[in-house]
$ cat start.txt   # compact mmCIF, C-alpha atoms
# COMPACT_ATOMS: atom_id res chain seq x y z
CA MET C 1 -112.84 54.96 146.76
CA ARG C 2 -113.68 58.35 145.40
CA TYR C 3 -116.19 56.81 142.98
CA ILE C 4 -118.29 55.41 145.75
CA PRO C 5 -119.94 58.68 146.88
CA LEU C 6 -120.68 59.49 143.26
CA LYS C 7 -122.19 56.09 142.67
CA THR C 8 -124.17 56.34 145.86
CA ALA C 9 -125.46 59.74 144.87
CA ALA C 10 -126.40 58.52 141.41
CA LEU C 11 -128.13 55.49 142.88
CA ALA C 12 -129.98 57.68 145.34
CA ILE C 13 -131.17 60.00 142.57
CA VAL C 14 -132.26 57.10 140.40
CA SER C 15 -134.09 55.38 143.19
CA ILE C 16 -135.88 58.56 144.28
CA ALA C 17 -136.92 59.28 140.71
CA ALA C 18 -137.97 55.67 140.24
CA SER C 19 -140.01 55.64 143.41
CA VAL C 20 -141.84 58.78 142.32
CA LEU C 21 -142.55 57.24 138.94
CA LEU C 22 -143.55 53.95 140.51
CA ALA C 23 -145.83 55.72 142.95
CA HIS C 24 -147.67 57.15 139.95
CA ALA C 25 -147.54 53.95 137.95
CA GLU C 26 -148.85 51.99 140.87
CA SER C 27 -151.71 54.31 141.53
CA LEU C 28 -154.66 52.22 140.48
CA ALA C 29 -156.79 55.29 139.99
CA ILE C 30 -154.34 56.79 137.50
CA ARG C 31 -153.90 53.50 135.68
CA ASN C 32 -157.66 53.20 135.35
CA CYS C 33 -157.65 56.53 133.52
CA THR C 34 -154.65 55.87 131.31
CA TRP C 35 -156.04 52.60 129.94
CA CYS C 36 -158.20 54.74 127.70
CA HIS C 37 -156.70 58.22 127.85
CA GLY C 38 -153.20 56.95 126.94
CA SER C 39 -150.22 56.16 129.12
CA SER C 40 -149.03 59.76 128.98
CA ALA C 41 -152.66 60.98 129.00
CA GLN C 42 -152.39 62.51 125.52
CA GLY C 43 -155.77 61.09 124.60
CA TYR C 44 -156.80 58.19 122.46
CA THR C 45 -159.93 58.58 120.37
CA PRO C 46 -162.59 59.02 121.68
CA ALA C 47 -161.01 59.58 125.09
CA PRO C 48 -159.71 63.15 125.22
CA ARG C 49 -156.26 64.31 126.23
CA LEU C 50 -156.13 64.96 129.98
CA ALA C 51 -152.52 66.14 130.12
CA GLY C 52 -152.36 69.85 130.82
CA GLN C 53 -156.11 70.22 131.22
CA ARG C 54 -157.32 72.67 133.89
CA ALA C 55 -157.63 70.84 137.20
CA LEU C 56 -160.84 72.53 138.28
CA TYR C 57 -162.42 71.74 134.92
CA MET C 58 -161.55 68.03 135.27
CA GLU C 59 -162.92 67.96 138.81
CA ASN C 60 -166.19 69.46 137.60
CA GLN C 61 -166.39 67.01 134.72
CA LEU C 62 -165.85 64.01 136.98
CA VAL C 63 -168.70 65.31 139.13
CA SER C 64 -170.85 65.87 136.04
CA PHE C 65 -170.30 62.24 134.96
CA ARG C 66 -171.35 61.08 138.41
CA THR C 67 -174.45 63.28 138.39
CA HIS C 68 -175.17 62.28 134.76
CA VAL C 69 -175.20 65.90 133.55
CA ARG C 70 -172.66 64.88 130.94
CA ASN C 71 -174.75 62.33 129.13
CA ASN C 72 -173.48 61.61 125.63
CA PRO C 73 -173.20 57.92 124.67
CA PHE C 74 -169.48 57.50 125.45
CA SER C 75 -169.89 59.29 128.76
CA LYS C 76 -172.70 56.94 129.67
CA GLN C 77 -170.84 53.87 128.51
CA TYR C 78 -167.48 54.59 130.12
CA MET C 79 -167.33 57.62 132.34
CA TRP C 80 -170.49 57.22 134.40
CA GLY C 81 -169.08 54.00 135.78
CA ALA C 82 -165.50 55.21 135.97
CA ALA C 83 -166.35 58.36 137.88
CA GLY C 84 -169.19 56.94 139.92
CA SER C 85 -167.20 55.63 142.85
CA LEU C 86 -164.37 58.17 143.08
CA SER C 87 -164.04 59.93 146.41
CA PRO C 88 -163.83 63.73 146.36
CA GLN C 89 -160.18 63.47 147.40
CA THR C 90 -159.38 61.06 144.56
CA VAL C 91 -161.12 63.39 142.12
CA ARG C 92 -158.94 66.27 143.29
CA ASP C 93 -155.76 64.17 143.20
CA LEU C 94 -156.42 62.88 139.69
CA ALA C 95 -157.25 66.35 138.42
CA THR C 96 -154.10 67.82 139.94
CA TYR C 97 -151.94 65.00 138.59
CA PHE C 98 -153.19 65.12 135.01
CA SER C 99 -153.18 68.92 134.90
CA SER C 100 -149.45 68.83 135.70
CA LEU C 101 -148.50 66.64 132.71
CA PRO C 102 -147.06 68.25 129.56
CA ALA C 103 -149.49 68.32 126.65
CA ASP C 104 -148.89 67.70 122.94
CA ALA C 105 -151.07 69.24 120.25
CA ALA C 106 -153.03 66.68 118.24
CA ASN C 107 -152.45 68.59 114.96
CA ASP C 108 -155.05 66.41 113.26
CA GLY C 109 -157.53 68.96 111.91
CA ASP C 110 -158.03 70.15 108.35
CA ARG C 111 -155.40 72.83 107.72
CA GLU C 112 -157.51 74.54 105.09
CA LEU C 113 -160.36 75.06 107.55
CA ALA C 114 -158.13 76.33 110.33
CA ALA C 115 -158.07 79.95 109.15
CA PHE C 116 -161.87 80.24 109.34
CA GLY C 117 -161.77 78.49 112.70
CA ARG C 118 -159.28 81.03 113.95
CA THR C 119 -161.57 83.86 112.88
CA ILE C 120 -164.49 82.37 114.79
CA TYR C 121 -162.34 81.69 117.81
CA GLN C 122 -160.62 85.07 118.00
CA GLN C 123 -163.32 87.39 116.65
CA GLY C 124 -166.64 85.59 116.79
CA LEU C 125 -169.27 85.98 114.08
CA PRO C 126 -171.28 89.03 115.15
CA ASP C 127 -173.79 88.76 112.29
CA ALA C 128 -174.59 85.20 113.37
CA ASN C 129 -174.50 86.12 117.07
CA ILE C 130 -171.61 83.75 117.72
CA ALA C 131 -169.48 84.95 120.61
CA ALA C 132 -165.68 85.05 120.33
CA CYS C 133 -164.35 81.96 122.14
CA VAL C 134 -161.21 83.87 123.14
CA ALA C 135 -163.06 85.94 125.73
CA CYS C 136 -163.47 82.96 128.02
CA HIS C 137 -161.02 80.31 126.76
CA GLY C 138 -158.06 82.70 126.39
CA PRO C 139 -155.82 83.85 123.53
CA ASN C 140 -154.05 80.47 123.24
CA ALA C 141 -157.11 78.41 124.13
CA GLU C 142 -155.42 77.68 127.43
CA GLY C 143 -158.54 77.95 129.58
CA VAL C 144 -158.60 79.16 133.17
CA ALA C 145 -159.99 77.73 136.42
CA GLU C 146 -163.19 75.87 135.48
CA ILE C 147 -162.95 76.86 131.81
CA PRO C 148 -161.25 74.10 129.82
CA ARG C 149 -158.08 74.27 127.80
CA LEU C 150 -159.04 73.54 124.19
CA GLY C 151 -155.75 74.10 122.36
CA GLY C 152 -154.36 70.92 120.86
CA LEU C 153 -157.26 68.61 121.71
CA ALA C 154 -158.07 66.05 119.04
CA TYR C 155 -160.18 67.15 116.08
CA THR C 156 -162.76 64.39 116.41
CA TYR C 157 -163.18 64.99 120.12
CA LEU C 158 -163.64 68.75 119.70
CA LYS C 159 -166.02 68.22 116.82
CA ARG C 160 -168.17 65.70 118.66
CA ARG C 161 -168.31 67.78 121.84
CA LEU C 162 -169.39 70.86 119.90
CA GLN C 163 -171.98 68.85 117.97
CA GLN C 164 -173.37 67.23 121.09
CA TRP C 165 -174.62 70.50 122.57
CA GLY C 166 -176.73 71.05 119.47
CA GLU C 167 -177.98 67.46 119.63
CA GLY C 168 -179.37 68.10 123.09
CA TYR C 169 -176.68 66.40 125.20
CA HIS C 170 -175.38 68.07 128.36
CA ALA C 171 -178.48 70.26 128.24
CA THR C 172 -178.50 70.80 131.99
CA ALA C 173 -174.88 71.90 132.11
CA ARG C 174 -174.32 75.41 133.32
CA PRO C 175 -174.52 78.22 130.78
CA PRO C 176 -173.19 79.50 128.50
CA MET C 177 -171.90 76.58 126.38
CA PRO C 178 -175.13 74.70 125.68
CA ARG C 179 -176.57 77.69 123.88
CA ILE C 180 -173.42 79.05 122.27
CA ALA C 181 -172.43 75.71 120.75
CA SER C 182 -175.99 75.03 119.61
CA LYS C 183 -175.75 78.07 117.35
CA LEU C 184 -172.73 76.71 115.45
CA SER C 185 -173.26 75.20 112.01
CA ARG C 186 -171.49 72.02 110.91
CA ASP C 187 -168.98 74.02 108.84
CA GLN C 188 -168.27 76.33 111.74
CA ILE C 189 -167.75 73.40 114.10
CA GLU C 190 -165.37 71.67 111.71
CA ALA C 191 -163.41 74.90 111.25
CA LEU C 192 -163.16 75.52 114.98
CA ALA C 193 -162.14 71.95 115.76
CA SER C 194 -159.50 72.10 113.01
CA TYR C 195 -158.05 75.37 114.28
CA LEU C 196 -157.98 74.26 117.89
CA SER C 197 -156.28 70.94 117.12
CA PHE C 198 -153.21 72.91 115.97
CA VAL C 199 -153.05 75.36 118.89
CA LYS C 200 -150.10 74.65 121.17
CA MET B 1 -194.09 82.85 115.06
CA VAL B 2 -194.42 85.75 112.60
CA GLY B 3 -190.73 86.52 112.93
CA ILE B 4 -189.80 82.91 112.31
CA MET B 5 -191.49 82.43 108.97
CA LYS B 6 -189.46 84.54 106.63
CA PRO B 7 -186.04 83.10 107.40
CA MET B 8 -187.53 79.62 107.47
CA LYS B 9 -188.83 80.05 103.97
CA SER B 10 -185.80 81.70 102.48
CA HIS B 11 -182.98 79.85 104.19
CA PRO B 12 -181.56 77.00 102.11
CA SER B 13 -180.55 74.93 105.12
CA VAL B 14 -184.21 74.32 105.87
CA HIS B 15 -184.50 72.27 102.74
CA ALA B 16 -181.24 70.46 103.38
CA GLY B 17 -182.45 69.14 106.71
CA PRO B 18 -184.10 65.81 107.46
CA THR B 19 -187.13 65.22 105.31
CA CYS B 20 -189.14 62.97 107.56
CA GLY B 21 -192.80 63.79 107.21
CA ARG B 22 -192.24 66.73 104.88
CA GLY B 23 -193.94 65.31 101.81
CA ARG B 24 -196.87 64.31 103.89
CA ALA B 25 -197.02 67.75 105.44
CA ARG B 26 -197.04 69.25 101.94
CA ARG B 27 -199.90 67.04 100.81
CA MET B 28 -201.81 67.96 103.92
CA MET B 29 -201.26 71.61 103.12
CA ARG B 30 -202.51 71.28 99.59
CA TRP B 31 -205.45 69.31 100.76
CA ALA B 32 -206.37 71.88 103.34
CA GLY B 33 -205.70 74.75 100.96
CA LEU B 34 -203.51 76.47 103.49
CA GLN B 35 -200.87 78.98 102.62
CA LEU B 36 -197.16 79.27 103.34
CA PRO B 37 -197.32 80.64 106.88
CA LEU B 38 -198.87 77.50 108.30
CA GLN B 39 -196.57 75.33 106.25
CA ALA B 40 -193.59 77.15 107.64
CA ALA B 41 -194.94 76.83 111.15
CA LEU B 42 -195.47 73.11 110.66
CA LEU B 43 -191.99 72.69 109.26
CA ALA B 44 -190.60 74.47 112.29
CA LEU B 45 -192.43 72.03 114.52
CA ILE B 46 -191.22 69.02 112.57
CA PHE B 47 -187.64 70.14 112.65
CA SER B 48 -187.63 71.06 116.30
CA ALA B 49 -189.16 67.65 117.06
CA THR B 50 -186.30 65.87 115.28
CA GLY B 51 -183.81 67.65 117.52
CA ARG B 52 -181.59 68.59 114.59
CA ALA B 53 -181.08 72.13 115.82
CA ASP B 54 -177.52 72.17 114.48
CA SER B 55 -178.49 72.10 110.82
CA LEU B 56 -180.98 74.89 111.27
CA ASP B 57 -179.15 77.27 113.44
CA GLY B 58 -179.40 80.90 112.76
CA SER B 59 -182.48 80.29 110.71
CA LEU B 60 -185.08 79.75 113.44
CA ALA B 61 -185.03 83.20 115.02
CA PRO B 62 -184.22 86.32 113.02
CA ARG B 63 -180.53 86.88 113.55
CA GLY B 64 -180.81 90.63 113.79
CA GLY B 65 -183.90 90.56 116.03
CA PHE B 66 -184.01 91.72 119.63
CA GLU B 67 -184.27 88.23 121.13
CA ALA B 68 -181.30 86.93 119.15
CA LYS B 69 -179.16 89.93 120.03
CA LEU B 70 -180.20 89.78 123.68
CA GLN B 71 -179.16 86.12 123.81
CA TYR B 72 -175.91 87.08 122.13
CA CYS B 73 -175.19 89.55 124.96
CA GLN B 74 -176.26 87.00 127.56
CA ASP B 75 -173.95 84.32 126.15
CA CYS B 76 -170.98 86.19 127.60
CA HIS B 77 -172.42 88.66 130.13
CA GLY B 78 -174.67 86.09 131.79
CA PRO B 79 -178.41 85.38 131.55
CA SER B 80 -179.19 88.19 134.01
CA GLY B 81 -176.35 90.43 132.88
CA GLN B 82 -174.53 89.57 136.10
CA GLY B 83 -171.14 89.31 134.37
CA TYR B 84 -168.87 86.29 133.98
CA ARG B 85 -165.36 85.35 134.99
CA GLY B 86 -163.93 84.17 131.71
CA PHE B 87 -160.28 84.26 130.73
CA TYR B 88 -160.94 88.00 130.70
CA PRO B 89 -163.42 89.40 133.20
CA ILE B 90 -166.70 90.11 131.40
CA PRO B 91 -168.47 93.03 133.09
CA ARG B 92 -171.85 93.10 134.74
CA LEU B 93 -174.46 94.93 132.64
CA ALA B 94 -177.37 94.51 135.04
CA GLY B 95 -178.63 97.80 136.40
CA GLN B 96 -176.16 99.72 134.27
CA GLN B 97 -177.05 103.22 133.07
CA THR B 98 -178.42 103.12 129.52
CA GLN B 99 -176.46 106.19 128.45
CA TYR B 100 -173.27 104.63 129.73
CA ILE B 101 -173.84 101.42 127.76
CA GLU B 102 -174.71 103.39 124.62
CA ASN B 103 -171.61 105.53 124.96
CA GLN B 104 -169.34 102.53 125.54
CA LEU B 105 -170.70 100.63 122.53
CA ARG B 106 -170.02 103.70 120.39
CA ALA B 107 -166.57 103.98 121.98
CA PHE B 108 -165.76 100.42 120.88
CA VAL B 109 -166.76 101.17 117.29
CA GLU B 110 -164.89 104.48 117.24
CA ARG B 111 -161.84 102.86 118.88
CA ARG B 112 -161.96 105.30 121.76
CA ARG B 113 -162.01 102.11 123.77
CA PRO B 114 -159.84 99.50 122.02
CA ASN B 115 -161.40 96.07 122.33
CA ALA B 116 -161.47 93.93 119.19
CA ILE B 117 -164.21 91.62 120.43
CA MET B 118 -166.61 94.34 121.51
CA ALA B 119 -165.87 96.46 118.43
CA ASN B 120 -167.09 93.53 116.29
CA VAL B 121 -170.14 93.03 118.45
CA ALA B 122 -171.10 96.69 118.52
CA HIS B 123 -170.45 97.22 114.85
CA VAL B 124 -173.55 95.32 113.75
CA LEU B 125 -175.95 96.91 116.28
CA SER B 126 -178.26 99.74 115.24
CA PRO B 127 -178.77 102.67 117.64
CA ALA B 128 -182.35 101.50 118.23
CA MET B 129 -181.15 97.98 119.04
CA ILE B 130 -178.49 99.33 121.38
CA ASN B 131 -181.12 101.37 123.18
CA ALA B 132 -183.46 98.39 123.50
CA LEU B 133 -180.68 96.14 124.85
CA ALA B 134 -179.40 98.80 127.25
CA THR B 135 -182.93 99.42 128.53
CA HIS B 136 -183.37 95.70 129.13
CA PHE B 137 -180.16 95.32 131.13
CA ARG B 138 -180.91 98.52 133.07
CA SER B 139 -184.04 96.84 134.45
CA LEU B 140 -182.22 93.80 135.91
CA ASN B 141 -180.81 93.48 139.40
CA PRO B 142 -179.32 90.05 140.14
CA ALA B 143 -177.12 89.50 143.17
CA PRO B 144 -173.45 90.48 142.69
CA LEU B 145 -171.09 87.64 141.75
CA GLY B 146 -168.84 88.45 144.71
CA GLY B 147 -165.61 86.53 145.21
CA ALA B 148 -163.36 89.48 146.11
CA PRO B 149 -161.14 89.50 149.22
CA ARG B 150 -163.51 90.38 152.05
CA GLN B 151 -160.81 91.90 154.22
CA LEU B 152 -160.42 94.78 151.75
CA VAL B 153 -164.06 95.87 151.87
CA ALA B 154 -163.83 98.26 154.83
CA ALA B 155 -160.88 100.16 153.38
CA GLY B 156 -162.62 100.25 150.02
CA ARG B 157 -165.73 101.74 151.50
CA GLN B 158 -163.64 104.44 153.12
CA ILE B 159 -162.14 105.39 149.73
CA PHE B 160 -165.49 105.26 147.96
CA GLU B 161 -167.21 107.49 150.47
CA GLY B 162 -164.35 109.77 151.53
CA GLY B 163 -161.78 109.64 148.73
CA VAL B 164 -158.04 109.79 149.41
CA PRO B 165 -157.52 113.44 150.41
CA ASP B 166 -153.72 113.15 150.60
CA ALA B 167 -153.59 112.00 146.98
CA ASN B 168 -156.20 114.48 145.74
CA VAL B 169 -158.63 111.67 144.98
CA ALA B 170 -162.22 112.80 145.36
CA ALA B 171 -164.86 110.60 146.92
CA CYS B 172 -166.13 108.21 144.22
CA ALA B 173 -169.61 108.64 145.69
CA ALA B 174 -169.61 112.30 144.64
CA CYS B 175 -170.11 111.33 140.99
CA HIS B 176 -171.16 107.68 141.09
CA GLY B 177 -173.74 108.31 143.82
CA PRO B 178 -173.83 107.12 147.44
CA ASP B 179 -175.11 103.70 146.32
CA ALA B 180 -172.72 103.56 143.33
CA THR B 181 -175.64 103.33 140.93
CA GLY B 182 -174.28 106.03 138.60
CA ARG B 183 -176.21 108.55 136.53
CA ASP B 184 -176.49 109.14 132.76
CA GLN B 185 -173.02 108.57 131.30
CA ILE B 186 -171.53 107.92 134.73
CA PRO B 187 -171.63 104.17 135.23
CA ARG B 188 -173.15 102.11 137.97
CA LEU B 189 -170.32 100.40 139.84
CA ALA B 190 -172.34 98.51 142.44
CA GLY B 191 -171.96 94.77 142.02
CA GLN B 192 -169.39 95.09 139.23
CA LEU B 193 -166.86 92.24 138.96
CA TYR B 194 -163.79 92.65 141.13
CA PRO B 195 -161.23 91.63 138.47
CA TYR B 196 -162.94 93.86 135.90
CA LEU B 197 -162.81 96.94 138.16
CA VAL B 198 -159.17 96.27 139.00
CA LYS B 199 -158.30 95.86 135.33
CA GLU B 200 -160.10 99.03 134.23
CA LEU B 201 -158.73 101.24 137.02
CA THR B 202 -155.23 99.87 136.50
CA ASN B 203 -155.23 100.35 132.73
CA TRP B 204 -157.40 103.45 132.46
CA GLY B 205 -154.88 105.40 130.41
CA LYS B 206 -154.59 102.54 127.89
CA GLU B 207 -158.18 101.37 127.71
CA ARG B 208 -160.26 104.55 127.72
CA GLY B 209 -160.29 107.79 125.79
CA GLN B 210 -157.82 106.55 123.18
CA LEU B 211 -158.85 108.97 120.44
CA PRO B 212 -157.39 112.38 121.32
CA ALA B 213 -159.29 113.99 118.44
CA HIS B 214 -162.53 112.78 120.00
CA PRO B 215 -162.24 113.32 123.77
CA ASP B 216 -164.98 111.73 125.86
CA THR B 217 -166.14 111.65 129.47
CA SER B 218 -163.47 109.08 130.36
CA PHE B 219 -160.96 111.91 130.83
CA ILE B 220 -162.65 112.73 134.16
CA MET B 221 -161.46 109.43 135.58
CA ALA B 222 -157.90 109.57 134.24
CA PRO B 223 -156.26 111.52 137.12
CA VAL B 224 -158.25 109.53 139.69
CA ALA B 225 -157.20 106.17 138.29
CA HIS B 226 -153.64 107.43 137.98
CA SER B 227 -153.48 108.58 141.61
CA LEU B 228 -154.85 105.44 143.22
CA THR B 229 -152.26 102.92 144.41
CA LYS B 230 -152.59 99.24 143.57
CA SER B 231 -153.86 98.39 147.05
CA GLU B 232 -156.37 101.27 146.96
CA VAL B 233 -157.66 100.06 143.59
CA GLU B 234 -158.10 96.56 144.98
CA ALA B 235 -159.82 97.84 148.10
CA VAL B 236 -162.37 100.01 146.32
CA ALA B 237 -162.98 97.27 143.73
CA ALA B 238 -163.60 94.74 146.51
CA TYR B 239 -166.08 97.06 148.22
CA LEU B 240 -167.99 97.73 145.02
CA SER B 241 -168.07 94.10 143.95
CA TYR B 242 -170.25 93.20 146.93
CA LEU B 243 -172.47 96.29 146.79
CA LYS B 244 -176.10 95.47 145.93
$ encode --input "start.txt" --output "structure tokens"
Amino acid sequence: MRYIPLKTAALAIVSIAASVLLAHAESLAIRNCTWCHGSSAQGYTPAPRLAGQRALYMENQLVSFRTHVRNNPFSKQYMWGAAGSLSPQTVRDLATYFSSLPADAANDGDRELAAFGRTIYQQGLPDANIAACVACHGPNAEGVAEIPRLGGLAYTYLKRRLQQWGEGYHATARPPMPRIASKLSRDQIEALASYLSFVK
Amino acid sequence: MVGIMKPMKSHPSVHAGPTCGRGRARRMMRWAGLQLPLQAALLALIFSATGRADSLDGSLAPRGGFEAKLQYCQDCHGPSGQGYRGFYPIPRLAGQQTQYIENQLRAFVERRRPNAIMANVAHVLSPAMINALATHFRSLNPAPLGGAPRQLVAAGRQIFEGGVPDANVAACAACHGPDATGRDQIPRLAGQLYPYLVKELTNWGKERGQLPAHPDTSFIMAPVAHSLTKSEVEAVAAYLSYLK
């Protein structure tokens, strides 16, 4: 007899938890994202990690796919279509959901390059007129508001994004990134991407 | 173009870039009997046409030149010097007093004002360059970024124009001017970013005048910043952040 309330309580807890999980799992919009971005949204090359990303940043990116401001080949191929028909409310909901997930660091950069990457990130390269990333992206590359979290993103993703500015993609995005990233050399980009991939 | 040629010629990355059309360009040069300047100019055109800006960067414009340094400032402080809300608030430079900017850049280098990022930036700037950059930003007047709590503006105006007599805080306008445009080493505050003003006034004793052996004008503000309450700081910052 005395086990029954306990069992009931346990069942209630399980079913509530399950319904929350199922509500997420059954959200078609979320599943459409996680096909490529990974079931826990940790990213799967070339789709970046969404877990723990700044919500406002993700909202802006979804808009920039729809308006074709973000125009690199993978964006065109996948994200223009994926983001094209999302309602503003769905965009907000997805951004809020993914921003709330815990994020793992990719840890897949070149460890030997990371020290130079850290120098660029934290101090900039004044002689080369390269601004210190930390001023906007924060001491742990955590980002804020519309400024993305970079810490722990995958090396190849970071490297390609940084290269793409210099190749002329996303040219109509708002300043300052198109110009700042265009100043980075290949070595500097690889060092930065390596460093950032290890930042928790 | 004159400024472009030297680094183009001397920088090794130029020769490591894509070679499409280069041999032909050389033959054309020889044929026409033209000298290096035109060759360099032509190379610049070829490379910019291939869109491979990444392999050339730093070599197109002289890195220590005014344009490059101005862009460097703009990268963080905004194209019109209007400031930027990064992880840390990056202050507005537009309309700022040249003497104030010069003094602050020296303060970063001398560690009177501890700021690792700006110390690095300022360290490589000559006094002439600093003057040229400060003069440029002084001439700009973009609209303020805004974004502060509007309901604080009226109280902030009261403090700015009348001070806080009970706390022995003088009217800010007495030194910074009725329009908050500043004078000489006294900074313009009009249109400055709200979070930046709050941060500076809140941390005055830790961020300014940190070299007792080399006292500077920041000591004037120390008792004022110390006497203002948190809500007074926020109010006066809100008022100033909207001021054109």
$ residues_around --input "start.txt" --residues "Leu125 of chain B" --least-positions-apart "3" --cutoff "12 Å" --atoms "only C-alpha atoms" --output "list in words"
Pro126, Asp127 and Asn129 of chain C; Arg63, Gly64, Gly65, Phe66, Ala68, Lys69, Leu70, Tyr72, Cys73, Glu102, Leu105, Arg106, Phe108, Val109, Met118, Ala119, Asn120, Val121, Ala122, Ala128, Met129, Ile130, Asn131, Ala132, Leu133 and Ala134 of chain B
$ atom_distance --input "start.txt" --atom1 "atom CA of Tyr155 of chain C" --atom2 "atom CA of Gly109 of chain C"
5.3 Å
$ residues_around --input "start.txt" --residues "segment 33-48 of chain C" --least-positions-apart "5" --cutoff "10 Å" --atoms "only C-alpha atoms" --output "PyMOL selection string"
chain C and resi 25+28+53+74-75+78-79+82-83+94+98-99+101-106+152-158+160
$ write_last_selection --input "start.txt" --atoms "C-alpha atoms" --output "mmCIF file, in the coordinates of the input"
data_model
loop_
_atom_site.group_PDB
_atom_site.id
_atom_site.type_symbol
_atom_site.label_atom_id
_atom_site.label_comp_id
_atom_site.auth_asym_id
_atom_site.auth_seq_id
_atom_site.Cartn_x
_atom_site.Cartn_y
_atom_site.Cartn_z
ATOM 1 C CA ALA C 25 -147.540 53.950 137.950
ATOM 2 C CA LEU C 28 -154.660 52.220 140.480
ATOM 3 C CA GLN C 53 -156.110 70.220 131.220
ATOM 4 C CA PHE C 74 -169.480 57.500 125.450
ATOM 5 C CA SER C 75 -169.890 59.290 128.760
ATOM 6 C CA TYR C 78 -167.480 54.590 130.120
ATOM 7 C CA MET C 79 -167.330 57.620 132.340
ATOM 8 C CA ALA C 82 -165.500 55.210 135.970
ATOM 9 C CA ALA C 83 -166.350 58.360 137.880
ATOM 10 C CA LEU C 94 -156.420 62.880 139.690
ATOM 11 C CA PHE C 98 -153.190 65.120 135.010
ATOM 12 C CA SER C 99 -153.180 68.920 134.900
ATOM 13 C CA LEU C 101 -148.500 66.640 132.710
ATOM 14 C CA PRO C 102 -147.060 68.250 129.560
ATOM 15 C CA ALA C 103 -149.490 68.320 126.650
ATOM 16 C CA ASP C 104 -148.890 67.700 122.940
ATOM 17 C CA ALA C 105 -151.070 69.240 120.250
ATOM 18 C CA ALA C 106 -153.030 66.680 118.240
ATOM 19 C CA GLY C 152 -154.360 70.920 120.860
ATOM 20 C CA LEU C 153 -157.260 68.610 121.710
ATOM 21 C CA ALA C 154 -158.070 66.050 119.040
ATOM 22 C CA TYR C 155 -160.180 67.150 116.080
ATOM 23 C CA THR C 156 -162.760 64.390 116.410
ATOM 24 C CA TYR C 157 -163.180 64.990 120.120
ATOM 25 C CA LEU C 158 -163.640 68.750 119.700
ATOM 26 C CA ARG C 160 -168.170 65.700 118.660
#
$ interface_residues --input "start.txt" --of "chain C" --to "chain B" --cutoff "6 Å" --atoms "only C-alpha atoms" --output "number ranges by chain"
C: 123, 126, 129, 135-138, 144, 166, 176, 183, 185
$ residues_near_point --input "start.txt" --point "(-170.3, 65.8, 128.0)" --cutoff "8 Å" --atoms "only C-alpha atoms" --output "JSON, numbers by chain"
{"C": [61, 65, 69, 70, 71, 72, 75, 161, 164, 169, 170]}
$ closest_residue --input "start.txt" --among "B:Ala148, B:Ala107, B:Ala167, B:Ile101" --to "Gly182 of chain B" --atoms "only C-alpha atoms"
B:Ile101
$ atom_distance --input "start.txt" --atom1 "atom CA of Ala237 of chain B" --atom2 "atom CA of Tyr194 of chain B"
5.4 Å
$ closest_residue --input "start.txt" --among "C:Glu146, C:Glu167, C:Leu62, C:Val199" --to "Ser85 of chain C" --atoms "all atoms listed in the file"
C:Leu62
$ residues_around --input "start.txt" --residues "Arg112 of chain B" --least-positions-apart "4" --cutoff "6 Å" --atoms "all atoms listed in the file" --output "PyMOL selection string"
chain B and resi 107+209-211
$ atom_distance --input "start.txt" --atom1 "atom CA of Gly81 of chain B" --atom2 "atom CA of Phe137 of chain B"
6.4 Å
$ closest_residue --input "start.txt" --among "C:Met58, C:Asn140, C:Tyr121, C:Asn32" --to "Asp93 of chain C" --atoms "all atoms listed in the file"
C:Met58
$ closest_residue --input "start.txt" --among "C:Gln89, C:Leu184, C:Lys159, C:Cys133" --to "Arg118 of chain C" --atoms "all atoms listed in the file"
C:Cys133
$ closest_residue --input "start.txt" --among "B:Glu67, B:Asn103, B:Ala174, B:Glu110" --to "Gly162 of chain B" --atoms "only C-alpha atoms"
B:Ala174
$ closest_residue --input "start.txt" --among "B:Pro149, B:Pro165, B:Pro187, B:Gly95" --to "His136 of chain B" --atoms "only C-alpha atoms"
B:Gly95
$ residues_around --input "start.txt" --residues "Gly205 of chain B" --least-positions-apart "2" --cutoff "10 Å" --atoms "all atoms listed in the file" --output "PDB file with C-alpha atoms, keeping the file's coordinate frame"
ATOM      1  CA  GLU B 200    -160.100  99.030 134.230  1.00  0.00           C
ATOM      2  CA  LEU B 201    -158.730 101.240 137.020  1.00  0.00           C
ATOM      3  CA  THR B 202    -155.230  99.870 136.500  1.00  0.00           C
ATOM      4  CA  ASN B 203    -155.230 100.350 132.730  1.00  0.00           C
ATOM      5  CA  GLU B 207    -158.180 101.370 127.710  1.00  0.00           C
ATOM      6  CA  ARG B 208    -160.260 104.550 127.720  1.00  0.00           C
ATOM      7  CA  GLY B 209    -160.290 107.790 125.790  1.00  0.00           C
ATOM      8  CA  GLN B 210    -157.820 106.550 123.180  1.00  0.00           C
ATOM      9  CA  SER B 218    -163.470 109.080 130.360  1.00  0.00           C
ATOM     10  CA  PHE B 219    -160.960 111.910 130.830  1.00  0.00           C
ATOM     11  CA  MET B 221    -161.460 109.430 135.580  1.00  0.00           C
ATOM     12  CA  ALA B 222    -157.900 109.570 134.240  1.00  0.00           C
ATOM     13  CA  PRO B 223    -156.260 111.520 137.120  1.00  0.00           C
ATOM     14  CA  ALA B 225    -157.200 106.170 138.290  1.00  0.00           C
ATOM     15  CA  HIS B 226    -153.640 107.430 137.980  1.00  0.00           C
TER      16      HIS B 226
END
$ residues_around --input "start.txt" --residues "Pro88 of chain C" --least-positions-apart "6" --cutoff "12 Å" --atoms "only C-alpha atoms" --output "ChimeraX atom specification"
/C:59-60,62-63,66,94-95
$ decode --input "start.txt" --residues "segment 213-217 of chain B" --atoms "C-alpha atoms" --output "CSV table (one decimal), in the first residue's frame"
chain,number,residue,atom,x,y,z
B,213,ALA,CA,53.6,58.9,-9.9
B,214,HIS,CA,52.0,60.4,-13.0
B,215,PRO,CA,48.8,62.1,-11.9
B,216,ASP,CA,46.5,63.2,-14.8
B,217,THR,CA,43.3,65.2,-15.3
